[in-house]
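Everything below belongs to structure17.txt, which stores compact mmCIF, C-alpha atoms.
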# COMPACT_ATOMS: atom_id res chain seq x y z
CA MET A 1 -4.92 -22.63 -13.62
CA ARG A 2 -5.27 -24.25 -10.21
CA ARG A 3 -2.64 -26.72 -9.11
CA LYS A 4 -3.76 -30.22 -8.34
CA LEU A 5 -5.06 -30.39 -4.82
CA ASP A 6 -2.97 -32.59 -2.53
CA LEU A 7 -5.33 -33.75 0.19
CA SER A 8 -2.87 -36.11 1.93
CA VAL A 9 -2.79 -34.42 5.35
CA TYR A 10 -5.48 -31.80 5.79
CA VAL A 11 -5.00 -29.94 9.06
CA ILE A 12 -7.91 -28.07 10.65
CA THR A 13 -7.24 -25.38 13.25
CA SER A 14 -8.50 -25.28 16.82
CA ALA A 15 -7.47 -22.35 18.99
CA ALA A 16 -8.86 -24.20 22.01
CA LEU A 17 -6.68 -27.28 21.42
CA ALA A 18 -3.68 -25.16 20.45
CA SER A 19 -3.79 -23.23 23.72
CA PRO A 20 -1.48 -22.08 25.24
CA ARG A 21 0.30 -22.28 21.89
CA SER A 22 -0.97 -20.01 19.11
CA VAL A 23 -2.88 -21.25 16.08
CA LEU A 24 -0.18 -19.73 13.90
CA GLY A 25 2.55 -21.56 15.81
CA VAL A 26 0.85 -24.93 15.43
CA VAL A 27 0.22 -24.31 11.73
CA ARG A 28 3.89 -23.46 11.20
CA ALA A 29 4.85 -26.74 12.85
CA ALA A 30 2.29 -28.64 10.78
CA LEU A 31 3.70 -27.13 7.59
CA ARG A 32 7.22 -28.19 8.61
CA GLY A 33 5.85 -31.70 9.08
CA GLY A 34 4.36 -31.67 5.59
CA ALA A 35 0.71 -30.64 5.94
CA THR A 36 -0.80 -30.33 2.46
CA VAL A 37 -3.94 -28.29 3.27
CA VAL A 38 -4.76 -25.95 6.16
CA GLN A 39 -8.33 -25.14 7.10
CA LEU A 40 -9.16 -22.16 9.31
CA ARG A 41 -12.03 -23.28 11.50
CA GLU A 42 -12.89 -21.26 14.58
CA LYS A 43 -16.56 -21.19 15.48
CA LYS A 44 -16.52 -18.79 18.43
CA THR A 45 -14.36 -16.03 17.04
CA SER A 46 -15.35 -12.55 15.89
CA THR A 47 -15.28 -11.84 12.17
CA GLN A 48 -12.54 -9.26 12.71
CA ARG A 49 -10.34 -11.82 14.49
CA LEU A 50 -11.06 -14.49 11.85
CA ILE A 51 -9.90 -12.10 9.16
CA GLU A 52 -6.74 -11.23 11.08
CA LEU A 53 -6.02 -14.91 11.66
CA GLY A 54 -6.69 -15.74 8.01
CA GLN A 55 -4.31 -13.02 6.88
CA ALA A 56 -1.62 -14.26 9.27
CA LEU A 57 -2.04 -17.87 8.16
CA LEU A 58 -1.75 -16.92 4.49
CA GLN A 59 1.66 -15.43 5.26
CA VAL A 60 2.90 -18.93 6.10
CA THR A 61 0.75 -21.14 3.86
CA ARG A 62 1.43 -19.20 0.61
CA PRO A 63 5.24 -19.54 0.81
CA ALA A 64 4.74 -23.24 1.60
CA GLY A 65 2.55 -23.68 -1.49
CA VAL A 66 -0.23 -25.04 0.71
CA PRO A 67 -3.84 -23.92 0.19
CA LEU A 68 -5.66 -22.16 3.02
CA ILE A 69 -9.34 -23.02 3.16
CA VAL A 70 -11.82 -21.20 5.40
CA ASN A 71 -14.52 -23.18 7.16
CA ASP A 72 -18.11 -22.02 6.67
CA ARG A 73 -17.37 -18.30 6.29
CA VAL A 74 -17.44 -17.31 2.63
CA ASP A 75 -17.18 -13.67 3.73
CA VAL A 76 -13.90 -14.31 5.53
CA ALA A 77 -12.56 -16.34 2.60
CA LEU A 78 -13.35 -13.49 0.21
CA ALA A 79 -12.04 -10.82 2.59
CA VAL A 80 -8.60 -12.42 2.93
CA ASN A 81 -8.55 -13.93 -0.56
CA ALA A 82 -8.10 -17.44 0.80
CA ASP A 83 -7.69 -20.37 -1.57
CA GLY A 84 -11.08 -21.81 -0.83
CA VAL A 85 -13.96 -22.47 1.47
CA HIS A 86 -15.37 -25.55 3.16
CA VAL A 87 -19.07 -25.82 3.95
CA GLY A 88 -20.87 -28.31 6.15
CA GLN A 89 -24.46 -29.39 5.87
CA GLU A 90 -25.56 -26.57 8.22
CA ASP A 91 -23.51 -23.93 6.45
CA MET A 92 -24.20 -22.12 3.20
CA PRO A 93 -25.55 -24.48 0.52
CA ALA A 94 -22.69 -25.57 -1.76
CA ALA A 95 -24.22 -24.18 -4.94
CA LEU A 96 -24.59 -20.74 -3.37
CA ALA A 97 -21.05 -20.88 -2.00
CA ARG A 98 -19.73 -21.78 -5.46
CA ARG A 99 -21.59 -18.86 -6.96
CA LEU A 100 -20.11 -16.42 -4.44
CA ILE A 101 -16.49 -17.63 -4.59
CA GLY A 102 -16.42 -18.12 -8.36
CA PRO A 103 -15.12 -21.05 -10.39
CA ASP A 104 -11.44 -20.82 -9.43
CA LYS A 105 -11.45 -21.12 -5.68
CA ILE A 106 -11.51 -24.51 -3.98
CA LEU A 107 -14.87 -25.64 -2.62
CA GLY A 108 -15.04 -28.45 -0.09
CA VAL A 109 -18.25 -29.91 1.30
CA SER A 110 -18.90 -32.18 4.27
CA ALA A 111 -20.86 -35.32 3.43
CA GLU A 112 -21.97 -38.17 5.60
CA THR A 113 -24.07 -40.06 3.08
CA VAL A 114 -23.93 -41.02 -0.59
CA GLU A 115 -26.90 -38.74 -1.24
CA GLN A 116 -25.19 -35.71 0.30
CA ALA A 117 -22.00 -36.56 -1.58
CA LEU A 118 -23.71 -36.73 -4.97
CA MET A 119 -25.51 -33.47 -4.33
CA ALA A 120 -22.29 -31.73 -3.32
CA GLN A 121 -20.51 -33.04 -6.40
CA ARG A 122 -23.33 -31.75 -8.59
CA ASP A 123 -23.29 -28.40 -6.80
CA GLY A 124 -19.64 -27.73 -7.58
CA ALA A 125 -17.57 -29.31 -4.81
CA ASP A 126 -13.90 -29.94 -5.60
CA TYR A 127 -13.53 -32.43 -2.77
CA LEU A 128 -15.56 -33.92 0.06
CA GLY A 129 -14.87 -34.24 3.76
CA VAL A 130 -16.45 -37.58 4.64
CA GLY A 131 -17.17 -38.77 8.15
CA ASP A 132 -17.44 -38.97 11.02
CA VAL A 133 -15.26 -42.05 10.35
CA TYR A 134 -14.22 -43.22 13.81
CA GLY A 135 -16.01 -40.90 16.23
CA THR A 136 -14.73 -37.40 16.76
CA THR A 137 -14.20 -35.67 20.06
CA THR A 138 -14.10 -32.15 18.62
CA LYS A 139 -17.42 -31.84 16.79
CA PRO A 140 -20.18 -32.44 19.32
CA ASP A 141 -22.89 -32.17 16.65
CA ALA A 142 -21.55 -35.03 14.52
CA GLY A 143 -23.82 -38.03 14.06
CA PRO A 144 -22.81 -41.62 14.82
CA PRO A 145 -19.61 -42.77 13.11
CA ILE A 146 -20.01 -44.11 9.57
CA GLY A 147 -16.97 -46.36 9.85
CA LEU A 148 -14.56 -47.41 7.13
CA GLU A 149 -17.30 -49.08 5.10
CA GLY A 150 -19.44 -45.94 5.17
CA LEU A 151 -16.43 -44.00 3.95
CA ARG A 152 -15.78 -46.50 1.17
CA ARG A 153 -19.39 -46.32 -0.05
CA VAL A 154 -19.24 -42.53 -0.33
CA ALA A 155 -15.79 -42.49 -1.95
CA GLN A 156 -16.90 -44.99 -4.58
CA ALA A 157 -20.07 -43.06 -5.42
CA VAL A 158 -18.30 -39.87 -6.55
CA HIS A 159 -15.52 -38.96 -8.95
CA ILE A 160 -14.16 -36.08 -6.85
CA PRO A 161 -11.59 -36.88 -4.16
CA VAL A 162 -12.58 -37.35 -0.53
CA VAL A 163 -10.77 -36.93 2.75
CA GLY A 164 -11.81 -38.95 5.74
CA ILE A 165 -12.51 -37.04 8.95
CA GLY A 166 -13.38 -37.93 12.51
CA GLY A 167 -11.14 -39.59 15.09
CA ILE A 168 -8.27 -40.13 12.66
CA THR A 169 -4.76 -40.61 14.11
CA PRO A 170 -1.41 -41.77 12.74
CA ASP A 171 -2.38 -45.28 13.89
CA ASN A 172 -5.56 -45.59 11.81
CA ALA A 173 -4.92 -43.16 8.92
CA ALA A 174 -3.59 -45.91 6.61
CA ASP A 175 -6.92 -47.76 6.90
CA VAL A 176 -8.81 -44.60 5.92
CA VAL A 177 -6.76 -44.20 2.75
CA ALA A 178 -6.91 -47.92 2.01
CA HIS A 179 -10.71 -47.55 2.03
CA GLY A 180 -10.72 -44.94 -0.73
CA ALA A 181 -9.85 -41.59 0.83
CA GLU A 182 -7.23 -39.45 -0.87
CA GLY A 183 -6.11 -38.20 2.50
CA VAL A 184 -7.06 -37.52 6.09
CA ALA A 185 -8.48 -34.44 7.78
CA VAL A 186 -7.51 -33.99 11.41
CA ILE A 187 -8.09 -31.53 14.20
CA SER A 188 -7.01 -33.01 17.53
CA ALA A 189 -4.41 -35.41 16.05
CA VAL A 190 -2.35 -32.32 15.16
CA PHE A 191 -3.70 -29.39 17.19
CA GLY A 192 -3.89 -31.54 20.32
CA ALA A 193 -0.52 -33.21 19.76
CA PRO A 194 2.48 -32.35 21.96
CA ASP A 195 4.59 -32.30 18.76
CA PRO A 196 2.39 -31.25 15.81
CA GLU A 197 5.26 -31.44 13.33
CA GLU A 198 5.99 -35.04 14.22
CA ALA A 199 2.27 -35.85 14.22
CA VAL A 200 1.92 -34.60 10.64
CA ARG A 201 5.03 -36.51 9.60
CA ARG A 202 3.56 -39.74 10.99
CA LEU A 203 0.23 -39.02 9.29
CA ARG A 204 2.00 -38.57 5.96
CA GLU A 205 3.75 -41.90 6.37
CA ALA A 206 0.47 -43.58 7.23
CA VAL A 207 -1.24 -42.03 4.19
CA ALA A 208 1.58 -43.27 1.96
CA GLN A 209 1.26 -46.74 3.49
CA GLY A 210 -2.50 -46.69 2.90
CA ARG A 211 -1.95 -45.83 -0.76
CA ARG A 212 0.41 -48.74 -1.18
CA ARG A 213 -2.15 -51.05 0.40
CA ARG A 214 -4.87 -49.74 -1.89
CA ALA A 215 -2.61 -50.30 -4.87
CA GLY A 216 -2.31 -53.94 -3.85
CA HIS A 217 1.09 -53.95 -2.17
CA HIS A 218 -0.13 -55.51 1.04
CA GLU A 219 1.99 -55.10 4.07
CA PRO A 220 1.39 -55.67 7.77
CA ALA A 221 -0.95 -53.04 9.20
CA MET B 1 -30.65 4.25 -8.06
CA ARG B 2 -31.10 3.62 -4.37
CA ARG B 3 -34.06 5.18 -2.63
CA LYS B 4 -33.35 7.52 0.25
CA LEU B 5 -32.85 5.54 3.40
CA ASP B 6 -35.54 6.16 6.03
CA LEU B 7 -33.90 5.38 9.36
CA SER B 8 -36.83 6.45 11.55
CA VAL B 9 -37.52 3.13 13.26
CA TYR B 10 -34.81 0.56 12.68
CA VAL B 11 -35.85 -2.82 14.08
CA ILE B 12 -33.23 -5.46 14.88
CA THR B 13 -34.25 -9.11 15.23
CA SER B 14 -33.79 -11.33 18.25
CA ALA B 15 -35.05 -14.89 18.06
CA ALA B 16 -34.48 -15.23 21.82
CA LEU B 17 -36.68 -12.23 22.64
CA ALA B 18 -39.26 -13.20 20.01
CA SER B 19 -39.72 -16.66 21.51
CA PRO B 20 -42.21 -18.32 21.54
CA ARG B 21 -43.24 -16.08 18.64
CA SER B 22 -41.25 -16.42 15.41
CA VAL B 23 -38.82 -13.80 14.15
CA LEU B 24 -40.87 -13.59 10.98
CA GLY B 25 -44.06 -13.02 12.95
CA VAL B 26 -42.59 -10.17 14.96
CA VAL B 27 -41.12 -8.59 11.81
CA ARG B 28 -44.52 -8.73 10.12
CA ALA B 29 -46.04 -6.94 13.12
CA ALA B 30 -43.23 -4.38 13.12
CA LEU B 31 -43.83 -3.67 9.44
CA ARG B 32 -47.53 -3.15 10.09
CA GLY B 33 -46.55 -0.65 12.77
CA GLY B 34 -44.35 1.23 10.32
CA ALA B 35 -40.79 -0.05 10.81
CA THR B 36 -38.55 1.61 8.19
CA VAL B 37 -35.54 -0.75 8.33
CA VAL B 38 -35.19 -4.38 9.44
CA GLN B 39 -31.86 -5.82 10.48
CA LEU B 40 -31.33 -9.58 10.68
CA ARG B 41 -29.06 -10.13 13.67
CA GLU B 42 -28.74 -13.61 15.11
CA LYS B 43 -25.37 -14.45 16.58
CA LYS B 44 -25.86 -18.09 17.53
CA THR B 45 -27.49 -19.40 14.39
CA SER B 46 -26.03 -21.63 11.69
CA THR B 47 -25.25 -20.06 8.33
CA GLN B 48 -27.86 -22.27 6.68
CA ARG B 49 -30.57 -21.07 9.08
CA LEU B 50 -29.48 -17.43 8.69
CA ILE B 51 -29.87 -17.75 4.94
CA GLU B 52 -33.30 -19.36 5.27
CA LEU B 53 -34.38 -16.63 7.69
CA GLY B 54 -32.99 -13.90 5.44
CA GLN B 55 -34.87 -15.30 2.46
CA ALA B 56 -38.10 -15.49 4.48
CA LEU B 57 -37.70 -11.92 5.78
CA LEU B 58 -37.13 -10.56 2.26
CA GLN B 59 -40.52 -11.99 1.29
CA VAL B 60 -42.14 -9.54 3.70
CA THR B 61 -39.72 -6.58 3.67
CA ARG B 62 -39.56 -6.25 -0.14
CA PRO B 63 -43.33 -5.83 -0.62
CA ALA B 64 -43.28 -3.30 2.24
CA GLY B 65 -40.52 -1.31 0.52
CA VAL B 66 -38.37 -1.67 3.64
CA PRO B 67 -34.66 -2.52 3.36
CA LEU B 68 -33.37 -5.72 4.98
CA ILE B 69 -29.88 -5.35 6.36
CA VAL B 70 -27.82 -8.30 7.62
CA ASN B 71 -25.71 -7.89 10.73
CA ASP B 72 -22.03 -8.81 10.45
CA ARG B 73 -22.40 -11.56 7.85
CA VAL B 74 -21.48 -10.27 4.40
CA ASP B 75 -21.71 -13.85 3.14
CA VAL B 76 -25.35 -14.13 4.21
CA ALA B 77 -26.16 -10.70 2.78
CA LEU B 78 -24.68 -11.71 -0.58
CA ALA B 79 -26.27 -15.15 -0.51
CA VAL B 80 -29.81 -13.81 -0.07
CA ASN B 81 -29.22 -10.56 -1.97
CA ALA B 82 -30.19 -8.46 1.03
CA ASP B 83 -30.30 -4.68 0.75
CA GLY B 84 -27.24 -4.16 2.90
CA VAL B 85 -24.99 -5.16 5.71
CA HIS B 86 -24.19 -3.71 9.12
CA VAL B 87 -20.77 -4.22 10.68
CA GLY B 88 -19.66 -3.57 14.24
CA GLN B 89 -16.18 -2.77 15.42
CA GLU B 90 -15.42 -6.50 15.89
CA ASP B 91 -16.85 -7.49 12.53
CA MET B 92 -15.37 -7.14 9.08
CA PRO B 93 -13.63 -3.76 8.62
CA ALA B 94 -16.00 -1.38 6.83
CA ALA B 95 -13.72 -0.78 3.84
CA LEU B 96 -13.47 -4.52 3.18
CA ALA B 97 -17.23 -4.94 3.57
CA ARG B 98 -17.84 -2.11 1.09
CA ARG B 99 -15.50 -3.76 -1.38
CA LEU B 100 -17.31 -7.11 -1.10
CA ILE B 101 -20.88 -5.78 -1.30
CA GLY B 102 -20.19 -3.21 -4.03
CA PRO B 103 -21.21 0.43 -4.23
CA ASP B 104 -24.98 -0.03 -4.40
CA LYS B 105 -25.80 -1.96 -1.25
CA ILE B 106 -26.35 -0.18 2.06
CA LEU B 107 -23.44 -0.28 4.50
CA GLY B 108 -24.01 0.54 8.16
CA VAL B 109 -21.28 0.72 10.78
CA SER B 110 -21.45 0.81 14.58
CA ALA B 111 -19.57 3.70 16.13
CA GLU B 112 -19.14 4.70 19.74
CA THR B 113 -16.70 7.56 19.28
CA VAL B 114 -16.12 10.45 16.89
CA GLU B 115 -12.92 8.77 15.73
CA GLN B 116 -14.71 5.54 14.82
CA ALA B 117 -17.49 7.53 13.14
CA LEU B 118 -15.09 9.50 10.95
CA MET B 119 -13.25 6.35 9.95
CA ALA B 120 -16.50 4.57 9.06
CA GLN B 121 -17.65 7.54 7.01
CA ARG B 122 -14.35 7.58 5.13
CA ASP B 123 -14.54 3.79 4.60
CA GLY B 124 -17.88 3.96 2.83
CA ALA B 125 -20.60 3.78 5.47
CA ASP B 126 -24.05 5.01 4.41
CA TYR B 127 -25.19 5.45 8.02
CA LEU B 128 -23.91 4.88 11.53
CA GLY B 129 -25.42 3.06 14.49
CA VAL B 130 -24.29 5.15 17.44
CA GLY B 131 -24.42 4.06 21.05
CA ASP B 132 -24.77 2.55 23.50
CA VAL B 133 -26.97 5.59 24.26
CA TYR B 134 -28.81 4.62 27.46
CA GLY B 135 -27.43 1.21 28.42
CA THR B 136 -28.52 -1.86 26.53
CA THR B 137 -29.66 -5.13 28.01
CA THR B 138 -29.21 -7.17 24.84
CA LYS B 139 -25.54 -6.59 23.92
CA PRO B 140 -23.44 -7.75 26.86
CA ASP B 141 -20.21 -6.63 25.16
CA ALA B 142 -21.26 -2.99 24.85
CA GLY B 143 -19.17 -0.43 26.71
CA PRO B 144 -20.54 2.14 29.17
CA PRO B 145 -23.37 4.29 27.79
CA ILE B 146 -22.31 7.40 25.86
CA GLY B 147 -25.50 9.27 26.73
CA LEU B 148 -27.34 11.86 24.68
CA GLU B 149 -24.36 14.22 24.63
CA GLY B 150 -22.07 11.47 23.33
CA LEU B 151 -24.61 10.79 20.60
CA ARG B 152 -24.82 14.47 19.71
CA ARG B 153 -21.02 14.78 19.42
CA VAL B 154 -20.84 11.86 16.98
CA ALA B 155 -23.85 12.99 14.94
CA GLN B 156 -22.38 16.49 14.56
CA ALA B 157 -18.98 15.15 13.45
CA VAL B 158 -20.24 13.33 10.33
CA HIS B 159 -22.38 14.17 7.33
CA ILE B 160 -23.97 10.72 7.03
CA PRO B 161 -27.10 9.99 9.07
CA VAL B 162 -26.93 8.22 12.41
CA VAL B 163 -29.37 6.10 14.37
CA GLY B 164 -29.12 5.96 18.12
CA ILE B 165 -29.01 2.51 19.69
CA GLY B 166 -29.00 1.10 23.19
CA GLY B 167 -31.83 1.12 25.70
CA ILE B 168 -34.15 3.17 23.49
CA THR B 169 -37.91 2.97 24.17
CA PRO B 170 -40.96 4.93 23.04
CA ASP B 171 -40.50 7.06 26.15
CA ASN B 172 -36.98 8.29 25.40
CA ALA B 173 -36.82 8.03 21.58
CA ALA B 174 -37.80 11.68 21.06
CA ASP B 175 -34.75 12.81 23.06
CA VAL B 176 -32.48 10.66 20.88
CA VAL B 177 -33.77 12.30 17.71
CA ALA B 178 -33.73 15.76 19.30
CA HIS B 179 -30.00 15.18 19.91
CA GLY B 180 -29.21 14.64 16.25
CA ALA B 181 -30.17 11.07 15.36
CA GLU B 182 -32.21 10.48 12.21
CA GLY B 183 -33.94 7.60 13.90
CA VAL B 184 -33.75 4.93 16.55
CA ALA B 185 -32.51 1.35 16.42
CA VAL B 186 -34.20 -1.05 18.80
CA ILE B 187 -34.06 -4.70 19.72
CA SER B 188 -35.92 -5.34 22.96
CA ALA B 189 -38.29 -2.36 22.61
CA VAL B 190 -39.91 -4.22 19.70
CA PHE B 191 -38.84 -7.88 19.90
CA GLY B 192 -39.45 -7.93 23.63
CA ALA B 193 -42.74 -6.02 23.42
CA PRO B 194 -46.08 -7.79 24.03
CA ASP B 195 -47.43 -5.84 21.03
CA PRO B 196 -44.59 -5.15 18.56
CA GLU B 197 -46.87 -3.36 16.09
CA GLU B 198 -48.02 -0.89 18.72
CA ALA B 199 -44.45 -0.48 20.00
CA VAL B 200 -43.27 0.54 16.53
CA ARG B 201 -46.19 2.92 16.15
CA ARG B 202 -45.28 4.63 19.41
CA LEU B 203 -41.62 4.80 18.38
CA ARG B 204 -42.61 6.47 15.11
CA GLU B 205 -44.63 9.06 16.97
CA ALA B 206 -41.73 9.71 19.33
CA VAL B 207 -39.32 10.10 16.42
CA ALA B 208 -41.67 12.59 14.77
CA GLN B 209 -41.92 14.50 18.03
CA GLY B 210 -38.11 14.55 18.35
CA ARG B 211 -37.81 15.98 14.86
CA ARG B 212 -40.23 18.76 15.71
CA ARG B 213 -38.23 19.55 18.84
CA ARG B 214 -34.98 19.61 16.85
CA ALA B 215 -36.60 21.95 14.34
CA GLY B 216 -37.37 24.31 17.20
CA HIS B 217 -41.04 23.61 17.76
CA HIS B 218 -40.70 23.01 21.46
CA GLU B 219 -43.43 21.08 23.12
CA PRO B 220 -43.71 19.36 26.49
CA ALA B 221 -41.52 16.20 26.62

Encoded form (structure tokens):
Amino acid sequence: MRRKLDLSVYVITSAALASPRSVLGVVRAALRGGATVVQLREKKTSTQRLIELGQALLQVTRPAGVPLIVNDRVDVALAVNADGVHVGQEDMPAALARRLIGPDKILGVSAETVEQALMAQRDGADYLGVGDVYGTTTKPDAGPPIGLEGLRRVAQAVHIPVVGIGGITPDNAADVVAHGAEGVAVISAVFGAPDPEEAVRRLREAVAQGRRRRAGHHEPA
Amino acid sequence: MRRKLDLSVYVITSAALASPRSVLGVVRAALRGGATVVQLREKKTSTQRLIELGQALLQVTRPAGVPLIVNDRVDVALAVNADGVHVGQEDMPAALARRLIGPDKILGVSAETVEQALMAQRDGADYLGVGDVYGTTTKPDAGPPIGLEGLRRVAQAVHIPVVGIGGITPDNAADVVAHGAEGVAVISAVFGAPDPEEAVRRLREAVAQGRRRRAGHHEPA
């Protein structure tokens, strides 16, 4: 019954980068720009506040037809009835997360290697977040960048879609998609942008350009 | 089907206070001393590690017939099939937590005031953690101590059992029980003790003494 997941521009929240703007305000702008997925990811926030924020975000993502995915916290995802959950390698194991959220909700898993990607696919992931592609500034625990070739290797090893993540901007997003990603996941490129709506619009154009390049319609980068 | 909950000595984990000992090692000692409830509470730990720790703790609490309750994280409680969950006022609302864990698991709620206690009771709490009684050193966000009279007011307002929490030691635990608590919840009094087994044993004796005092058998404090 689930609609096909459009991973083109996958926007991850950051209250710290949004400040002094609100997370909700930046998400609204991102949705106007054409964000196709929103992920609630706040590591230093109380459970109560995460639930309130999740409920508020659903009020804007649902009318936009955009899935809201909760990072790490299966409890918060269940409490607000979000559309899915995303787990990293230090979060709940994917198979356990799938069991708790059931077959219908979206499950995303972070993968850096082909081995992690294959395990996540086997354990019930609907999509993978693959990176760090270029070197992120917002996840201090990320390993060294895997680069575009690392991304390509992972994308080719699985049959589920992948989004690239890590240091992606409107200027390099086309390359990420040209190397096999269905879309791009961004934190600072949108939450740190002076104009998040415009940033998402430019990311969408870059993703579309990357798809044309992958399909063989080469054009100047 | 659930056995009656024995709240006499309710031991809450702290990896920081346990160090260089392991959480599991201190819990084993606490169980030997007669701990009646163990709560897994680690705020700065990854979900993966919380799950691993929860699974390891269940291997020792289950054979001891002692319930393992997870602080805040309903997802972790469900993932490891713990015996219950404990939520504070900044965690998941109690009614939501009850809905997610179902009717059979234990639900504890922190309450500082009569109003919070009545709401928690209405929302499905099996017991309350009431405090800060004496002034805790391990929860920097706790408000000013409510004292023994504050504890008594809350305990008298509800029909579910309460445990006192906050600055409780073997030397003052009898007073806490004499003022209406079924038992005492402790972090540093056990996890910070040189001999956690002996600390729990002394707490059990103090709780028994407090019960005798409450029943009217006055003896020197």

With only C-alpha atoms considered, list every residue of chain A at most 8 Å from chain B, as a PyMOL selection string. chain A and resi 46-49+51+72-75+78-79+89-93+96-97+100

So that I can check the surroundings of Ser8 in chain A, please list as a PyMOL selection string every protein, DNA and RNA residue that reaches within 12 Å of it, counting all atoms listed in the file and ignoring chain neighbours fewer than 2 positions away. chain A and resi 4-6+10-11+34-38+66+161-165+173-174+176-177+181-186+200-211

Provide the CA of Pro20 in chain B to CA of Val130 in chain B distance in Å, to one decimal place.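 Answer for the CA of Pro20 in chain B to CA of Val130 in chain B separation: 29.8 Å.
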
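What separates CA of Ile69 in chain A from CA of Glu112 in chain A is a distance of 19.9 Å.
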
By how many Å are CA of Gly108 in chain B and CA of Leu58 in chain B apart?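 So the answer is 18.2 Å.
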
Considering all atoms listed in the file, can you say which of B:Ile168, B:Ala117, B:Leu53, B:Val158 comes closest to Asp132 in chain B? B:Ile168

Residues within 8 Å of Thr13 in chain A, please, as a PyMOL selection string. Count all atoms listed in the file; anything in the same chain fewer than 3 positions from it doesn't count. chain A and resi 23+27+38-42+187+191

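Using only C-alpha atoms, the nearest neighbour of Lys43 in chain A within the list A:Leu17, A:Asn71, A:Arg213, A:Asp171 is A:Asn71.
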
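For the choices A:Ala29, A:Leu24, A:Val60, A:Val133, the atom-to-atom distance to Pro194 in chain A is smallest for A:Ala29 when using only C-alpha atoms.
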
Neighbouring residues of Ser188 in chain A were defined as those with any atom within 10 Å, considering all atoms listed in the file; residues of the same chain fewer than 5 positions away were excluded. Please report them as a PDB file with C-alpha atoms, keeping the file's coordinate frame.
ATOM      1  CA  VAL A  11      -5.000 -29.940   9.060  1.00  0.00           C
ATOM      2  CA  ILE A  12      -7.910 -28.070  10.650  1.00  0.00           C
ATOM      3  CA  THR A  13      -7.240 -25.380  13.250  1.00  0.00           C
ATOM      4  CA  SER A  14      -8.500 -25.280  16.820  1.00  0.00           C
ATOM      5  CA  LEU A  17      -6.680 -27.280  21.420  1.00  0.00           C
ATOM      6  CA  ALA A  18      -3.680 -25.160  20.450  1.00  0.00           C
ATOM      7  CA  THR A 136     -14.730 -37.400  16.760  1.00  0.00           C
ATOM      8  CA  THR A 137     -14.200 -35.670  20.060  1.00  0.00           C
ATOM      9  CA  THR A 138     -14.100 -32.150  18.620  1.00  0.00           C
ATOM     10  CA  GLY A 166     -13.380 -37.930  12.510  1.00  0.00           C
ATOM     11  CA  GLY A 167     -11.140 -39.590  15.090  1.00  0.00           C
ATOM     12  CA  ILE A 168      -8.270 -40.130  12.660  1.00  0.00           C
ATOM     13  CA  THR A 169      -4.760 -40.610  14.110  1.00  0.00           C
ATOM     14  CA  ALA A 193      -0.520 -33.210  19.760  1.00  0.00           C
ATOM     15  CA  PRO A 196       2.390 -31.250  15.810  1.00  0.00           C
TER      16      PRO A 196
END

Pick out the closest residue to Met119 in chain A from this set: A:Leu31, A:Ala157, A:Ala178, A:Val9. Count all atoms listed in the file.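 Distance minimum relative to Met119 in chain A lands on A:Ala157.
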
Could you add whatever atoms are missing so that range 110-119 of chain A carries N, CA and C atoms, then write the result as a JSON list (two decimals), keeping the file's coordinate frame?
[["chain", "number", "residue", "atom", "x", "y", "z"],
["A", 110, "SER", "N", -18.79, -31.02, 3.38],
["A", 110, "SER", "CA", -18.90, -32.18, 4.27],
["A", 110, "SER", "C", -20.04, -33.07, 3.82],
["A", 111, "ALA", "N", -19.81, -34.37, 3.80],
["A", 111, "ALA", "CA", -20.86, -35.32, 3.43],
["A", 111, "ALA", "C", -20.77, -36.55, 4.30],
["A", 112, "GLU", "N", -21.92, -36.98, 4.74],
["A", 112, "GLU", "CA", -21.97, -38.17, 5.60],
["A", 112, "GLU", "C", -22.55, -39.34, 4.83],
["A", 113, "THR", "N", -23.35, -39.02, 3.82],
["A", 113, "THR", "CA", -24.07, -40.06, 3.08],
["A", 113, "THR", "C", -23.77, -39.95, 1.59],
["A", 114, "VAL", "N", -24.09, -41.02, 0.87],
["A", 114, "VAL", "CA", -23.93, -41.02, -0.59],
["A", 114, "VAL", "C", -24.79, -39.92, -1.22],
["A", 115, "GLU", "N", -25.99, -39.76, -0.69],
["A", 115, "GLU", "CA", -26.90, -38.74, -1.24],
["A", 115, "GLU", "C", -26.31, -37.33, -1.10],
["A", 116, "GLN", "N", -25.81, -37.03, 0.09],
["A", 116, "GLN", "CA", -25.19, -35.71, 0.30],
["A", 116, "GLN", "C", -23.97, -35.55, -0.61],
["A", 117, "ALA", "N", -23.22, -36.62, -0.77],
["A", 117, "ALA", "CA", -22.00, -36.56, -1.58],
["A", 117, "ALA", "C", -22.33, -36.28, -3.05],
["A", 118, "LEU", "N", -23.34, -36.94, -3.56],
["A", 118, "LEU", "CA", -23.71, -36.73, -4.97],
["A", 118, "LEU", "C", -24.24, -35.31, -5.18],
["A", 119, "MET", "N", -25.00, -34.82, -4.21],
["A", 119, "MET", "CA", -25.51, -33.47, -4.33],
["A", 119, "MET", "C", -24.37, -32.45, -4.31]]
